[in-house]
Amino acid sequence: MADVKDILGVPRAPQGEAAAAPAQKAKPERMKRPEGMSREAFALLGGSNPVIPSHLLDGLKKKDKLAKPKASTKGTVIYRYKQFKNQARDDGLELRHWVKGYKDANGRIRDAQEGDYAFAKYNKKVTLFRYDGEEWLNVISRDNALAAMGWTKEETDYLLDMLEAYDLRFVVVADRYNFSNGPPRTLEDLKDRYYAIARRLLVAREGTDATLLNNQLLRQPYNANAERARRAALNTLMSRTNETEAAENEILEQARVIEEKRKAEHAAAAQAAAAAAAAAKKNAVPVAPKPPPPVEEVPFNPGDLIYPQDFHNAPMQMGMPSLLNAHLEPFWPPPGVYARGVHTRETAAAQEKQALGSSQKNQKALEAAVAEIGYAGLPRYHSRAVSGAYLALRGEILSLLELRRQFQARTETKGGAGKRKKGDDGGRGEKRQRTAKRPYD
């Protein structure tokens, strides 16, 4: 080795020093295949990061492997090729398919799904209104509005058959509608005919419109004229050219600019008016408000009321009105229809308002007086004589209340004068003397 170093020109190692051992390369740490992962799946990793996070590898145990499905308690699963019938079909067609079932320990086989065919529940049918012979004779043919449409029974039956075949898809029916020797029908004509018959049959079968107030066919009946106008407007809108649409947009833009200009002018005018009003209010000389004019109080005169003995309950004569006013005199109202009971209650209310005003205290006094005489409520029968007697009774009660009020006022006036006779100052001098004799003064 020394000769080789001499040839290569490499200095020799000093004597006494051991040659340095060659450095060993560190072996890369190999990732251990997690339990539960197949060898093929682990080989697909190719030294990349593991699919499962490292902090979850420790929790992966043998018990976490997919367990075998437990045996069903219903029995062994079998499949049979059976014949079935679809209840949604009315032609009696029978087909065959594989059906899942269970076989128990005794050898008995039971289907996993019993009953009707599973997909028969998706056969949804629309509600179609059809008539019979009796309803056509007694309901449809006697309706003037339905007769004015110009439909025969054969063409109506053809329309109902088409609607039943295509599940009330009027667009499809209108595309395939071809009644021999019949006039051409539009989509609106077909809808108008069917919905008119449906409404008439509904009312005839229920007997009255009151039970069908929430029915959609009666709440929002089909309007063929409005539908034609809507379709025509839509066709006009869809047939516009680009030039027409651009011209309309330009007109709308001009209208918007004009509207904004008008709003700005109105706002400026309102602001100027507000500024002028504020300046005028600031420079205006305050004027003392005028006192309100004195209100002339009209005293209540009990003699103005009519008493029962003044009411003449004579038979009505030709031309005499059956209504009475507050004074129990014949009342000629404007032409119209009047209920005597309502008019009597309004007249009694006018009497009370004139005599008592809107005071709650007076109203309670009136109710107490009515209860005192043992009469409450209104007459059951409003003839002219009963209404007149009722108004006379109410007038007498109001007169009684007024007399009580005057009597109470006069009694209080006399009582107050007698108390003041003890001294002109009303006893205030004696009170001052008692106040002057206090010991702490």
# chains A, B, ... in the order shown; residues from 1 in each chain; ligands from 1

$ select_by_dssp --residues "region 41-202 of chain A" --states "helix (DSSP H, G or I)" --output "PyMOL selection string"
chain A and resi 41-43+54-57+62-64+118-122+133-140+144-147+153-165+170-176+187-202

$ atom_distance --atom1 "CA of Ala112 (chain A)" --atom2 "CA of Lys100 (chain A)"
5.7 Å

$ residues_around --residues "region 143-157 of chain A" --least-positions-apart "3" --cutoff "8 Å" --atoms "only C-alpha atoms" --output "MDAnalysis selection string"
chainID A and resid 139:140 160:161 179 182 193 196:197

$ write_last_selection --atoms "N, CA, C and O atoms" --output "short mmCIF file (atom, residue, chain, number, x, y, z; two decimals), in the first residue's frame"
data_model
loop_
_atom_site.label_atom_id
_atom_site.label_comp_id
_atom_site.auth_asym_id
_atom_site.auth_seq_id
_atom_site.Cartn_x
_atom_site.Cartn_y
_atom_site.Cartn_z
N VAL A 139 -126.84 18.57 -16.84
CA VAL A 139 -125.90 19.61 -16.38
C VAL A 139 -125.22 20.32 -17.54
O VAL A 139 -125.33 21.53 -17.69
N ILE A 140 -124.54 19.55 -18.39
CA ILE A 140 -123.70 20.18 -19.42
C ILE A 140 -124.56 20.77 -20.53
O ILE A 140 -124.39 21.93 -20.92
N LEU A 160 -111.68 14.81 -24.06
CA LEU A 160 -111.42 14.17 -22.78
C LEU A 160 -110.58 12.91 -22.94
O LEU A 160 -109.73 12.61 -22.08
N ASP A 161 -110.81 12.16 -24.03
CA ASP A 161 -109.98 10.97 -24.26
C ASP A 161 -108.53 11.36 -24.52
O ASP A 161 -107.60 10.69 -24.03
N PHE A 179 -109.85 16.38 -34.82
CA PHE A 179 -111.19 15.82 -34.80
C PHE A 179 -111.78 15.94 -36.20
O PHE A 179 -111.78 17.03 -36.81
N GLY A 182 -114.44 18.72 -37.74
CA GLY A 182 -114.58 19.71 -36.68
C GLY A 182 -113.80 20.97 -36.99
O GLY A 182 -112.83 20.94 -37.77
N ARG A 193 -112.62 24.94 -22.76
CA ARG A 193 -113.68 23.93 -22.77
C ARG A 193 -113.55 22.98 -21.58
O ARG A 193 -114.52 22.70 -20.88
N ALA A 196 -114.11 24.77 -18.08
CA ALA A 196 -115.52 25.15 -17.90
C ALA A 196 -116.35 23.93 -17.50
O ALA A 196 -117.21 24.01 -16.60
N ILE A 197 -116.12 22.79 -18.15
CA ILE A 197 -116.84 21.56 -17.79
C ILE A 197 -116.45 21.11 -16.38
O ILE A 197 -117.30 20.68 -15.59
#

$ residues_around --residues "region 84-89 of chain A" --least-positions-apart "3" --cutoff "7 Å" --atoms "only C-alpha atoms" --output "count of residues only"
9

$ closest_residue --among "A:Lys5, A:His327, A:Lys191, A:Lys27" --to "Glu227 (chain A)" --atoms "only C-alpha atoms"
A:Lys191

$ closest_residue --among "A:Leu328, A:Leu323, A:Ala278, A:Leu44" --to "Ser383 (chain A)" --atoms "only C-alpha atoms"
A:Leu323

$ residues_around --residues "Val172 (chain A)" --least-positions-apart "4" --cutoff "10 Å" --atoms "only C-alpha atoms" --output "VMD selection string"
chain A and resid 162 to 163 166 to 168 176 to 177 187

$ residues_around --residues "region 336-353 of chain A" --least-positions-apart "5" --cutoff "9 Å" --atoms "only C-alpha atoms" --output "ChimeraX atom specification"
/A:322-326,358,363,366,378-379,381-384,387-388,390-391,394-395,398

$ atom_distance --atom1 "CA of Arg80 (chain A)" --atom2 "CA of Ala118 (chain A)"
16.6 Å
